$ cat structure-v7.pdb   # PDB, C-alpha atoms, pLDDT in the B column
ATOM      1  CA  GLN W   1       0.000   0.000   0.000  1.00 69.00           C
ATOM      2  CA  LYS W   2       1.486   3.286  -1.080  1.00 77.00           C
ATOM      3  CA  GLU W   3       1.590   5.919   1.648  1.00 90.00           C
ATOM      4  CA  VAL W   4       2.230   9.622   1.423  1.00 95.00           C
ATOM      5  CA  GLU W   5       2.821  11.478   4.672  1.00 96.00           C
ATOM      6  CA  GLN W   6       2.449  15.199   5.318  1.00 96.00           C
ATOM      7  CA  ASN W   7       2.342  17.222   8.510  1.00 93.00           C
ATOM      8  CA  SER W   8      -1.288  18.363   8.747  1.00 91.00           C
ATOM      9  CA  GLY W   9      -0.371  21.677  10.379  1.00 92.00           C
ATOM     10  CA  PRO W  10      -1.518  24.318  10.596  1.00 96.00           C
ATOM     11  CA  LEU W  11       1.768  25.820   9.514  1.00 97.00           C
ATOM     12  CA  SER W  12       1.788  29.526  10.259  1.00 98.00           C
ATOM     13  CA  VAL W  13       4.241  31.762   8.330  1.00 97.00           C
ATOM     14  CA  PRO W  14       4.558  35.559   8.359  1.00 98.00           C
ATOM     15  CA  GLU W  15       3.821  37.401   5.147  1.00 98.00           C
ATOM     16  CA  GLY W  16       6.941  37.781   3.020  1.00 98.00           C
ATOM     17  CA  ALA W  17       8.739  34.815   4.606  1.00 98.00           C
ATOM     18  CA  ILE W  18       9.519  31.427   3.036  1.00 98.00           C
ATOM     19  CA  ALA W  19       7.000  28.644   3.630  1.00 98.00           C
ATOM     20  CA  SER W  20       8.443  25.131   3.587  1.00 98.00           C
ATOM     21  CA  LEU W  21       6.127  22.169   3.069  1.00 98.00           C
ATOM     22  CA  ASN W  22       7.357  18.601   3.335  1.00 97.00           C
ATOM     23  CA  CYS W  23       6.196  15.204   2.126  1.00 97.00           C
ATOM     24  CA  THR W  24       7.561  11.672   2.452  1.00 97.00           C
ATOM     25  CA  TYR W  25       6.435   8.625   0.502  1.00 95.00           C
ATOM     26  CA  SER W  26       6.743   4.902   1.112  1.00 93.00           C
ATOM     27  CA  ASP W  27       6.822   3.351  -2.359  1.00 88.00           C
ATOM     28  CA  ARG W  28      10.325   3.391  -3.843  1.00 87.00           C
ATOM     29  CA  VAL W  29       8.993   2.870  -7.361  1.00 86.00           C
ATOM     30  CA  SER W  30       7.233   6.251  -7.277  1.00 87.00           C
ATOM     31  CA  GLN W  31       8.582   8.328 -10.124  1.00 89.00           C
ATOM     32  CA  TYR W  32       6.380  11.379 -10.498  1.00 94.00           C
ATOM     33  CA  PHE W  33       5.510  13.939  -7.854  1.00 95.00           C
ATOM     34  CA  PHE W  34       2.952  16.711  -7.833  1.00 96.00           C
ATOM     35  CA  TRP W  35       1.950  19.551  -5.530  1.00 98.00           C
ATOM     36  CA  TYR W  36      -1.639  20.769  -5.513  1.00 98.00           C
ATOM     37  CA  ARG W  37      -3.143  23.763  -3.735  1.00 98.00           C
ATOM     38  CA  GLN W  38      -6.675  23.467  -2.411  1.00 97.00           C
ATOM     39  CA  TYR W  39      -8.636  26.395  -1.047  1.00 97.00           C
ATOM     40  CA  SER W  40     -11.385  25.599   1.430  1.00 94.00           C
ATOM     41  CA  GLY W  41     -14.417  24.149  -0.335  1.00 93.00           C
ATOM     42  CA  LYS W  42     -12.713  24.131  -3.727  1.00 96.00           C
ATOM     43  CA  SER W  43     -11.071  21.514  -5.930  1.00 96.00           C
ATOM     44  CA  PRO W  44      -7.279  20.991  -6.040  1.00 97.00           C
ATOM     45  CA  GLU W  45      -5.235  23.102  -8.416  1.00 97.00           C
ATOM     46  CA  LEU W  46      -1.893  21.893  -9.795  1.00 96.00           C
ATOM     47  CA  ILE W  47       1.038  24.028  -8.644  1.00 96.00           C
ATOM     48  CA  MET W  48       4.169  22.071  -9.520  1.00 96.00           C
ATOM     49  CA  SER W  49       5.354  18.738 -10.823  1.00 95.00           C
ATOM     50  CA  ILE W  50       8.819  17.212 -10.451  1.00 96.00           C
ATOM     51  CA  TYR W  51      10.343  14.000 -11.738  1.00 93.00           C
ATOM     52  CA  SER W  52      14.124  14.320 -11.316  1.00 93.00           C
ATOM     53  CA  ASN W  53      16.235  14.665  -8.212  1.00 95.00           C
ATOM     54  CA  GLY W  54      17.079  18.236  -7.341  1.00 96.00           C
ATOM     55  CA  ASP W  55      15.214  21.515  -7.505  1.00 96.00           C
ATOM     56  CA  LYS W  56      12.649  22.848  -9.930  1.00 97.00           C
ATOM     57  CA  GLU W  57      11.650  26.492  -9.791  1.00 97.00           C
ATOM     58  CA  ASP W  58       8.531  28.194 -11.130  1.00 96.00           C
ATOM     59  CA  GLY W  59       8.047  31.782 -10.052  1.00 97.00           C
ATOM     60  CA  ARG W  60       7.780  31.937  -6.261  1.00 98.00           C
ATOM     61  CA  PHE W  61       7.546  28.159  -6.000  1.00 98.00           C
ATOM     62  CA  THR W  62      10.408  25.652  -5.790  1.00 98.00           C
ATOM     63  CA  ALA W  63       9.895  21.902  -5.642  1.00 98.00           C
ATOM     64  CA  GLN W  64      12.696  19.736  -4.290  1.00 98.00           C
ATOM     65  CA  LEU W  65      13.001  15.982  -4.778  1.00 97.00           C
ATOM     66  CA  ASN W  66      15.311  13.475  -3.097  1.00 96.00           C
ATOM     67  CA  LYS W  67      14.434   9.964  -4.251  1.00 94.00           C
ATOM     68  CA  ALA W  68      17.099   8.318  -2.083  1.00 94.00           C
ATOM     69  CA  SER W  69      15.457   9.779   1.024  1.00 95.00           C
ATOM     70  CA  GLN W  70      11.953   9.421  -0.452  1.00 95.00           C
ATOM     71  CA  TYR W  71      11.306  13.056   0.271  1.00 96.00           C
ATOM     72  CA  VAL W  72       9.745  15.870  -1.701  1.00 98.00           C
ATOM     73  CA  SER W  73       9.226  19.448  -0.577  1.00 98.00           C
ATOM     74  CA  LEU W  74       7.663  22.708  -1.751  1.00 98.00           C
ATOM     75  CA  LEU W  75       9.090  26.110  -0.929  1.00 98.00           C
ATOM     76  CA  ILE W  76       7.004  29.246  -1.342  1.00 98.00           C
ATOM     77  CA  ARG W  77       9.055  32.445  -1.357  1.00 98.00           C
ATOM     78  CA  ASP W  78       7.678  35.867  -0.477  1.00 98.00           C
ATOM     79  CA  SER W  79       4.557  34.267   1.010  1.00 98.00           C
ATOM     80  CA  GLN W  80       1.307  36.147   0.450  1.00 97.00           C
ATOM     81  CA  PRO W  81      -2.001  35.898   2.344  1.00 97.00           C
ATOM     82  CA  SER W  82      -3.478  34.442  -0.854  1.00 97.00           C
ATOM     83  CA  ASP W  83      -1.138  31.459  -0.418  1.00 98.00           C
ATOM     84  CA  SER W  84      -3.148  30.416   2.643  1.00 98.00           C
ATOM     85  CA  ALA W  85      -4.605  27.039   1.659  1.00 98.00           C
ATOM     86  CA  THR W  86      -4.113  23.311   2.061  1.00 97.00           C
ATOM     87  CA  TYR W  87      -1.231  21.901   0.025  1.00 98.00           C
ATOM     88  CA  LEU W  88      -1.538  18.329  -1.157  1.00 97.00           C
ATOM     89  CA  CYS W  89       1.426  16.177  -2.116  1.00 97.00           C
ATOM     90  CA  ALA W  90       0.694  13.455  -4.685  1.00 96.00           C
ATOM     91  CA  VAL W  91       2.867  10.673  -6.069  1.00 94.00           C
ATOM     92  CA  ARG W  92       2.610   8.244  -8.945  1.00 90.00           C
ATOM     93  CA  GLY W  93       4.450   5.241 -10.310  1.00 78.00           C
ATOM     94  CA  GLY W  94       5.326   4.786 -13.933  1.00 65.00           C
ATOM     95  CA  GLY W  95       1.938   3.619 -15.093  1.00 66.00           C
ATOM     96  CA  ALA W  96      -1.309   5.306 -15.954  1.00 63.00           C
ATOM     97  CA  ASP W  97      -3.046   4.681 -12.669  1.00 79.00           C
ATOM     98  CA  GLY W  98      -4.186   7.432 -10.376  1.00 88.00           C
ATOM     99  CA  LEU W  99      -2.315   9.579  -7.921  1.00 92.00           C
ATOM    100  CA  THR W 100      -1.736   8.711  -4.276  1.00 93.00           C
ATOM    101  CA  PHE W 101      -2.326  11.780  -2.133  1.00 95.00           C
ATOM    102  CA  GLY W 102      -1.191  12.833   1.288  1.00 96.00           C
ATOM    103  CA  LYS W 103      -3.733  14.358   3.660  1.00 96.00           C
ATOM    104  CA  GLY W 104      -2.361  17.819   3.058  1.00 96.00           C
ATOM    105  CA  THR W 105      -0.711  20.587   5.062  1.00 97.00           C
ATOM    106  CA  HIS W 106      -2.819  23.567   6.085  1.00 97.00           C
ATOM    107  CA  LEU W 107      -0.753  26.720   5.502  1.00 98.00           C
ATOM    108  CA  ILE W 108      -1.670  30.063   7.047  1.00 98.00           C
ATOM    109  CA  ILE W 109       0.138  33.223   5.936  1.00 98.00           C
ATOM    110  CA  GLN W 110      -0.145  35.871   8.634  1.00 96.00           C
ATOM    111  CA  PRO W 111      -0.378  39.489   7.339  1.00 93.00           C
TER
ATOM    112  CA  ASP A   1     -13.749  27.356 -22.690  1.00 62.00           C
ATOM    113  CA  GLY A   2     -11.931  24.050 -22.311  1.00 70.00           C
ATOM    114  CA  GLY A   3     -12.339  22.304 -19.022  1.00 94.00           C
ATOM    115  CA  ILE A   4     -13.876  19.626 -16.869  1.00 97.00           C
ATOM    116  CA  THR A   5     -17.518  20.018 -15.883  1.00 97.00           C
ATOM    117  CA  GLN A   6     -19.002  18.165 -12.960  1.00 98.00           C
ATOM    118  CA  SER A   7     -22.695  18.169 -12.146  1.00 97.00           C
ATOM    119  CA  PRO A   8     -24.583  18.598  -9.995  1.00 97.00           C
ATOM    120  CA  LYS A   9     -22.622  20.707  -7.541  1.00 97.00           C
ATOM    121  CA  TYR A  10     -24.668  19.340  -4.611  1.00 96.00           C
ATOM    122  CA  LEU A  11     -26.519  16.030  -4.473  1.00 95.00           C
ATOM    123  CA  PHE A  12     -28.598  14.330  -1.811  1.00 92.00           C
ATOM    124  CA  ARG A  13     -29.170  10.620  -1.651  1.00 89.00           C
ATOM    125  CA  LYS A  14     -31.928   8.737   0.099  1.00 89.00           C
ATOM    126  CA  GLU A  15     -31.411   5.360   1.718  1.00 84.00           C
ATOM    127  CA  GLY A  16     -31.344   2.547  -0.842  1.00 87.00           C
ATOM    128  CA  GLN A  17     -31.040   4.913  -3.772  1.00 92.00           C
ATOM    129  CA  ASN A  18     -28.445   4.908  -6.543  1.00 94.00           C
ATOM    130  CA  VAL A  19     -27.227   8.298  -7.722  1.00 95.00           C
ATOM    131  CA  THR A  20     -25.092   9.243 -10.717  1.00 97.00           C
ATOM    132  CA  LEU A  21     -22.511  12.017 -10.798  1.00 98.00           C
ATOM    133  CA  SER A  22     -21.689  13.514 -14.163  1.00 98.00           C
ATOM    134  CA  CYS A  23     -18.198  14.355 -15.439  1.00 98.00           C
ATOM    135  CA  GLU A  24     -17.642  15.825 -18.917  1.00 98.00           C
ATOM    136  CA  GLN A  25     -14.415  17.161 -20.424  1.00 97.00           C
ATOM    137  CA  ASN A  26     -13.811  18.969 -23.693  1.00 96.00           C
ATOM    138  CA  LEU A  27     -10.028  18.870 -23.474  1.00 95.00           C
ATOM    139  CA  ASN A  28      -9.715  15.766 -25.683  1.00 94.00           C
ATOM    140  CA  HIS A  29      -7.974  14.035 -22.787  1.00 94.00           C
ATOM    141  CA  ASP A  30      -7.544  10.269 -22.949  1.00 93.00           C
ATOM    142  CA  ALA A  31      -7.477   9.470 -19.225  1.00 94.00           C
ATOM    143  CA  MET A  32     -10.160  10.252 -16.642  1.00 96.00           C
ATOM    144  CA  TYR A  33     -10.318   9.620 -12.904  1.00 96.00           C
ATOM    145  CA  TRP A  34     -12.699   9.712  -9.973  1.00 98.00           C
ATOM    146  CA  TYR A  35     -11.545  10.539  -6.456  1.00 98.00           C
ATOM    147  CA  ARG A  36     -13.309  10.855  -3.134  1.00 98.00           C
ATOM    148  CA  GLN A  37     -12.292  13.355  -0.439  1.00 97.00           C
ATOM    149  CA  ASP A  38     -13.511  13.153   3.143  1.00 95.00           C
ATOM    150  CA  PRO A  39     -13.139  16.130   5.525  1.00 89.00           C
ATOM    151  CA  GLY A  40      -9.521  16.720   6.532  1.00 83.00           C
ATOM    152  CA  GLN A  41      -8.354  13.912   4.297  1.00 85.00           C
ATOM    153  CA  GLY A  42      -6.474  13.561   1.064  1.00 88.00           C
ATOM    154  CA  LEU A  43      -8.048  12.268  -2.111  1.00 95.00           C
ATOM    155  CA  ARG A  44      -8.605   8.541  -2.631  1.00 95.00           C
ATOM    156  CA  LEU A  45      -8.912   6.942  -6.058  1.00 95.00           C
ATOM    157  CA  ILE A  46     -12.221   5.242  -6.879  1.00 97.00           C
ATOM    158  CA  TYR A  47     -11.930   4.375 -10.593  1.00 97.00           C
ATOM    159  CA  TYR A  48      -9.907   5.438 -13.596  1.00 95.00           C
ATOM    160  CA  SER A  49     -10.117   5.015 -17.339  1.00 95.00           C
ATOM    161  CA  GLN A  50      -7.333   5.249 -19.891  1.00 93.00           C
ATOM    162  CA  ILE A  51      -9.440   4.689 -22.984  1.00 93.00           C
ATOM    163  CA  VAL A  52     -13.050   4.440 -24.107  1.00 95.00           C
ATOM    164  CA  ASN A  53     -14.848   1.263 -23.018  1.00 96.00           C
ATOM    165  CA  ASP A  54     -12.144   0.399 -20.503  1.00 95.00           C
ATOM    166  CA  PHE A  55     -11.756   1.285 -16.822  1.00 96.00           C
ATOM    167  CA  GLN A  56      -9.911   0.043 -13.761  1.00 95.00           C
ATOM    168  CA  LYS A  57     -10.726  -0.109 -10.065  1.00 95.00           C
ATOM    169  CA  GLY A  58      -8.872   2.184  -7.745  1.00 93.00           C
ATOM    170  CA  ASP A  59      -8.282   1.817  -4.026  1.00 92.00           C
ATOM    171  CA  ILE A  60     -11.900   2.223  -2.889  1.00 95.00           C
ATOM    172  CA  ALA A  61     -14.102   0.955  -5.750  1.00 96.00           C
ATOM    173  CA  GLU A  62     -16.582  -1.026  -3.633  1.00 96.00           C
ATOM    174  CA  GLY A  63     -20.081   0.461  -3.816  1.00 96.00           C
ATOM    175  CA  TYR A  64     -19.314   2.466  -6.965  1.00 97.00           C
ATOM    176  CA  SER A  65     -19.634   1.845 -10.693  1.00 98.00           C
ATOM    177  CA  VAL A  66     -18.524   3.753 -13.806  1.00 98.00           C
ATOM    178  CA  SER A  67     -18.820   3.686 -17.571  1.00 98.00           C
ATOM    179  CA  ARG A  68     -16.745   5.193 -20.381  1.00 98.00           C
ATOM    180  CA  GLU A  69     -18.854   5.035 -23.524  1.00 98.00           C
ATOM    181  CA  LYS A  70     -17.534   8.326 -24.882  1.00 97.00           C
ATOM    182  CA  LYS A  71     -14.086   9.869 -24.605  1.00 97.00           C
ATOM    183  CA  GLU A  72     -15.442  13.047 -23.079  1.00 97.00           C
ATOM    184  CA  SER A  73     -17.709  11.460 -20.450  1.00 98.00           C
ATOM    185  CA  PHE A  74     -16.993   9.389 -17.336  1.00 98.00           C
ATOM    186  CA  PRO A  75     -20.063   9.187 -15.055  1.00 98.00           C
ATOM    187  CA  LEU A  76     -19.833   7.727 -11.554  1.00 98.00           C
ATOM    188  CA  THR A  77     -22.752   5.871  -9.940  1.00 98.00           C
ATOM    189  CA  VAL A  78     -22.843   5.680  -6.168  1.00 96.00           C
ATOM    190  CA  THR A  79     -24.857   2.578  -5.429  1.00 94.00           C
ATOM    191  CA  SER A  80     -26.874   1.676  -2.353  1.00 90.00           C
ATOM    192  CA  ALA A  81     -24.054  -0.718  -1.451  1.00 89.00           C
ATOM    193  CA  GLN A  82     -21.888   2.288  -0.557  1.00 90.00           C
ATOM    194  CA  LYS A  83     -22.869   2.695   3.080  1.00 88.00           C
ATOM    195  CA  ASN A  84     -20.970   5.901   3.754  1.00 91.00           C
ATOM    196  CA  PRO A  85     -21.315   7.991   0.596  1.00 93.00           C
ATOM    197  CA  THR A  86     -21.147  11.449   2.149  1.00 95.00           C
ATOM    198  CA  ALA A  87     -18.030  13.063   0.654  1.00 96.00           C
ATOM    199  CA  PHE A  88     -16.658  15.500  -1.897  1.00 97.00           C
ATOM    200  CA  TYR A  89     -16.311  13.727  -5.258  1.00 98.00           C
ATOM    201  CA  LEU A  90     -13.714  14.981  -7.718  1.00 98.00           C
ATOM    202  CA  CYS A  91     -13.290  14.072 -11.358  1.00 98.00           C
ATOM    203  CA  ALA A  92      -9.954  14.606 -13.078  1.00 97.00           C
ATOM    204  CA  SER A  93      -8.490  14.118 -16.515  1.00 96.00           C
ATOM    205  CA  SER A  94      -5.031  14.030 -18.060  1.00 93.00           C
ATOM    206  CA  PRO A  95      -3.866  14.348 -21.676  1.00 90.00           C
ATOM    207  CA  GLY A  96      -2.325  10.902 -21.891  1.00 82.00           C
ATOM    208  CA  THR A  97      -1.559   7.838 -19.903  1.00 75.00           C
ATOM    209  CA  GLY A  98       2.075   8.470 -19.059  1.00 80.00           C
ATOM    210  CA  GLY A  99       2.917   8.786 -15.400  1.00 80.00           C
ATOM    211  CA  PHE A 100       4.293  12.276 -15.915  1.00 86.00           C
ATOM    212  CA  GLN A 101       0.970  13.575 -17.216  1.00 87.00           C
ATOM    213  CA  PRO A 102      -0.564  16.021 -14.744  1.00 90.00           C
ATOM    214  CA  GLN A 103      -4.164  15.591 -13.682  1.00 93.00           C
ATOM    215  CA  HIS A 104      -6.535  18.530 -13.614  1.00 94.00           C
ATOM    216  CA  PHE A 105      -9.731  18.574 -11.609  1.00 97.00           C
ATOM    217  CA  GLY A 106     -13.310  19.642 -12.067  1.00 97.00           C
ATOM    218  CA  ASP A 107     -15.083  21.704  -9.414  1.00 97.00           C
ATOM    219  CA  GLY A 108     -16.457  18.642  -7.622  1.00 98.00           C
ATOM    220  CA  THR A 109     -19.809  17.316  -6.415  1.00 98.00           C
ATOM    221  CA  ARG A 110     -20.773  17.264  -2.729  1.00 97.00           C
ATOM    222  CA  LEU A 111     -22.915  14.243  -1.909  1.00 96.00           C
ATOM    223  CA  SER A 112     -24.879  13.958   1.313  1.00 94.00           C
ATOM    224  CA  ILE A 113     -27.347  11.459   2.745  1.00 87.00           C
ATOM    225  CA  LEU A 114     -30.883  12.638   3.462  1.00 83.00           C
TER
END

$ encode --input "structure-v7.pdb" --output "structure tokens"
Amino acid sequence: QKEVEQNSGPLSVPEGAIASLNCTYSDRVSQYFFWYRQYSGKSPELIMSIYSNGDKEDGRFTAQLNKASQYVSLLIRDSQPSDSATYLCAVRGGGADGLTFGKGTHLIIQP
Amino acid sequence: DGGITQSPKYLFRKEGQNVTLSCEQNLNHDAMYWYRQDPGQGLRLIYYSQIVNDFQKGDIAEGYSVSREKKESFPLTVTSAQKNPTAFYLCASSPGTGGFQPQHFGDGTRLSIL
């Protein structure tokens, strides 16, 4: 059974600071990793995807992957109140099956 | 506008009743998925389909059924065998079947028991 673990939070970060969200996964064959943002009562929205070890940057967001440690993280620079949401980590093997999600981390950006 | 349309937004089910949730996409995506989300939980996979007339069970398929008669449509039926159906149901699609393909979600359907 694949498992994806996230700290549920809430994680409280001052506006303008860096928010760091972490995720660990159990299945070593996982190859593809995704971060989704979900506002309360809404559907998840894709933020980042990462497949190779190292860092991937997109605007204020940086995803980091370490397959040896089975660890993936999301950094949000210059955090804004609009970043307050639940962030879901999702992983996938090499096939066409669905994603395995963590329970999400609730992030609060304090103005 | 291209996208994934789920309907209805809210749905109520009576005891012993089957209900069907609609999911339509006009993105020409091959793969479609159904997930369930309970409060404070992540999403769990119910069913997925990679191609028309074919679908696979996910982690929690018991009490649910699907069909994929058209590429753009993937309806989910919540049967009376699903004893705890109250949840937020999310449909997703992806362009292809490769693992790297991102999945994008519709706005969801909230199902409750009367």

$ closest_residue --input "structure-v7.pdb" --among "A:Pro95, A:Pro85, A:Gly108, A:Gly42" --to "W:Tyr36" --atoms "all atoms listed in the file"
A:Gly42

$ interface_residues --input "structure-v7.pdb" --of "chain W" --to "chain A" --cutoff "7 Å" --atoms "only C-alpha atoms" --output "ChimeraX atom specification"
/W:32,42-44,46,92-98,101-104

$ resolve_selection --input "structure-v7.pdb" --expression "the PyMOL selection byres ((chain W and resi 73-78) around 6)" --output "ChimeraX atom specification"
/W:16-23,60-64,72,79

$ resolve_selection --input "structure-v7.pdb" --expression "the PyMOL selection byres ((chain A and resi 53) around 9)" --output "CSV table (one decimal) with C-alpha atoms, in the frame of the given file"
chain,number,residue,atom,x,y,z
A,49,SER,CA,-10.1,5.0,-17.3
A,51,ILE,CA,-9.4,4.7,-23.0
A,52,VAL,CA,-13.0,4.4,-24.1
A,54,ASP,CA,-12.1,0.4,-20.5
A,55,PHE,CA,-11.8,1.3,-16.8
A,67,SER,CA,-18.8,3.7,-17.6
A,68,ARG,CA,-16.7,5.2,-20.4
A,69,GLU,CA,-18.9,5.0,-23.5
A,70,LYS,CA,-17.5,8.3,-24.9
A,71,LYS,CA,-14.1,9.9,-24.6

$ atom_distance --input "structure-v7.pdb" --atom1 "atom CA of W:Leu11" --atom2 "atom CA of A:Thr86"
28.0 Å

$ residues_around --input "structure-v7.pdb" --residues "W:Leu65" --least-positions-apart "6" --cutoff "9 Å" --atoms "only C-alpha atoms" --output "list of chain:residue names"
W:Phe33, W:Ile50, W:Tyr51, W:Ser52, W:Asn53, W:Gly54, W:Asp55, W:Lys56, W:Tyr71, W:Val72, W:Ser73

$ closest_residue --input "structure-v7.pdb" --among "W:Leu99, W:Met48, W:Leu88, W:Ile108" --to "W:Asn7" --atoms "only C-alpha atoms"
W:Leu88

$ atom_distance --input "structure-v7.pdb" --atom1 "atom CA of A:Leu11" --atom2 "atom CA of A:Ser73"
18.8 Å

$ decode --input "structure-v7.pdb" --residues "stretch 67-75 of chain A" --atoms "all heavy atoms" --output "JSON list (two decimals), in the first residue's frame"
[["chain", "number", "residue", "atom", "x", "y", "z"],
["A", 67, "SER", "N", -18.79, 4.08, -16.17],
["A", 67, "SER", "CA", -18.82, 3.69, -17.57],
["A", 67, "SER", "C", -18.00, 4.70, -18.35],
["A", 67, "SER", "O", -17.81, 5.83, -17.91],
["A", 67, "SER", "CB", -20.25, 3.63, -18.10],
["A", 67, "SER", "OG", -20.86, 4.90, -18.05],
["A", 68, "ARG", "N", -17.50, 4.27, -19.51],
["A", 68, "ARG", "CA", -16.75, 5.19, -20.38],
["A", 68, "ARG", "C", -17.13, 4.87, -21.82],
["A", 68, "ARG", "O", -16.39, 4.27, -22.57],
["A", 68, "ARG", "CB", -15.24, 5.03, -20.18],
["A", 68, "ARG", "CG", -14.44, 6.08, -20.96],
["A", 68, "ARG", "CD", -14.13, 7.29, -20.16],
["A", 68, "ARG", "NE", -13.49, 8.34, -20.90],
["A", 68, "ARG", "CZ", -12.16, 8.47, -21.06],
["A", 68, "ARG", "NH1", -11.33, 7.55, -20.58],
["A", 68, "ARG", "NH2", -11.68, 9.50, -21.71],
["A", 69, "GLU", "N", -18.33, 5.30, -22.18],
["A", 69, "GLU", "CA", -18.85, 5.03, -23.52],
["A", 69, "GLU", "C", -18.38, 6.08, -24.53],
["A", 69, "GLU", "O", -18.37, 5.82, -25.74],
["A", 69, "GLU", "CB", -20.38, 4.96, -23.48],
["A", 69, "GLU", "CG", -20.90, 3.81, -22.61],
["A", 69, "GLU", "CD", -22.41, 3.80, -22.52],
["A", 69, "GLU", "OE1", -23.06, 4.68, -23.13],
["A", 69, "GLU", "OE2", -22.96, 2.90, -21.83],
["A", 70, "LYS", "N", -18.04, 7.25, -24.04],
["A", 70, "LYS", "CA", -17.53, 8.33, -24.88],
["A", 70, "LYS", "C", -16.25, 8.88, -24.28],
["A", 70, "LYS", "O", -16.10, 8.90, -23.05],
["A", 70, "LYS", "CB", -18.56, 9.44, -25.01],
["A", 70, "LYS", "CG", -19.86, 9.03, -25.64],
["A", 70, "LYS", "CD", -20.77, 10.24, -25.84],
["A", 70, "LYS", "CE", -21.20, 10.83, -24.52],
["A", 70, "LYS", "NZ", -22.13, 11.97, -24.70],
["A", 71, "LYS", "N", -15.36, 9.36, -25.09],
["A", 71, "LYS", "CA", -14.09, 9.87, -24.60],
["A", 71, "LYS", "C", -14.29, 11.00, -23.63],
["A", 71, "LYS", "O", -13.55, 11.13, -22.65],
["A", 71, "LYS", "CB", -13.23, 10.33, -25.79],
["A", 71, "LYS", "CG", -11.83, 10.77, -25.42],
["A", 71, "LYS", "CD", -11.03, 11.10, -26.67],
["A", 71, "LYS", "CE", -9.59, 11.45, -26.32],
["A", 71, "LYS", "NZ", -8.79, 11.73, -27.54],
["A", 72, "GLU", "N", -15.29, 11.85, -23.88],
["A", 72, "GLU", "CA", -15.44, 13.05, -23.08],
["A", 72, "GLU", "C", -16.24, 12.85, -21.80],
["A", 72, "GLU", "O", -16.36, 13.78, -21.01],
["A", 72, "GLU", "CB", -16.10, 14.14, -23.92],
["A", 72, "GLU", "CG", -17.46, 13.79, -24.47],
["A", 72, "GLU", "CD", -17.40, 13.14, -25.84],
["A", 72, "GLU", "OE1", -16.37, 12.52, -26.17],
["A", 72, "GLU", "OE2", -18.40, 13.26, -26.58],
["A", 73, "SER", "N", -16.79, 11.64, -21.57],
["A", 73, "SER", "CA", -17.71, 11.46, -20.45],
["A", 73, "SER", "C", -17.31, 10.27, -19.59],
["A", 73, "SER", "O", -17.00, 9.19, -20.11],
["A", 73, "SER", "CB", -19.13, 11.27, -21.00],
["A", 73, "SER", "OG", -20.03, 11.05, -19.96],
["A", 74, "PHE", "N", -17.38, 10.46, -18.27],
["A", 74, "PHE", "CA", -16.99, 9.39, -17.34],
["A", 74, "PHE", "C", -17.89, 9.49, -16.09],
["A", 74, "PHE", "O", -17.47, 9.94, -15.03],
["A", 74, "PHE", "CB", -15.52, 9.56, -16.96],
["A", 74, "PHE", "CG", -14.90, 8.38, -16.22],
["A", 74, "PHE", "CD1", -15.20, 7.08, -16.57],
["A", 74, "PHE", "CD2", -13.99, 8.60, -15.20],
["A", 74, "PHE", "CE1", -14.61, 6.01, -15.90],
["A", 74, "PHE", "CE2", -13.39, 7.55, -14.53],
["A", 74, "PHE", "CZ", -13.71, 6.25, -14.88],
["A", 75, "PRO", "N", -19.15, 9.08, -16.19],
["A", 75, "PRO", "CA", -20.06, 9.19, -15.06],
["A", 75, "PRO", "C", -19.77, 8.17, -13.96],
["A", 75, "PRO", "O", -19.35, 7.04, -14.25],
["A", 75, "PRO", "CB", -21.44, 8.95, -15.68],
["A", 75, "PRO", "CG", -21.14, 8.12, -16.90],
["A", 75, "PRO", "CD", -19.80, 8.56, -17.39]]
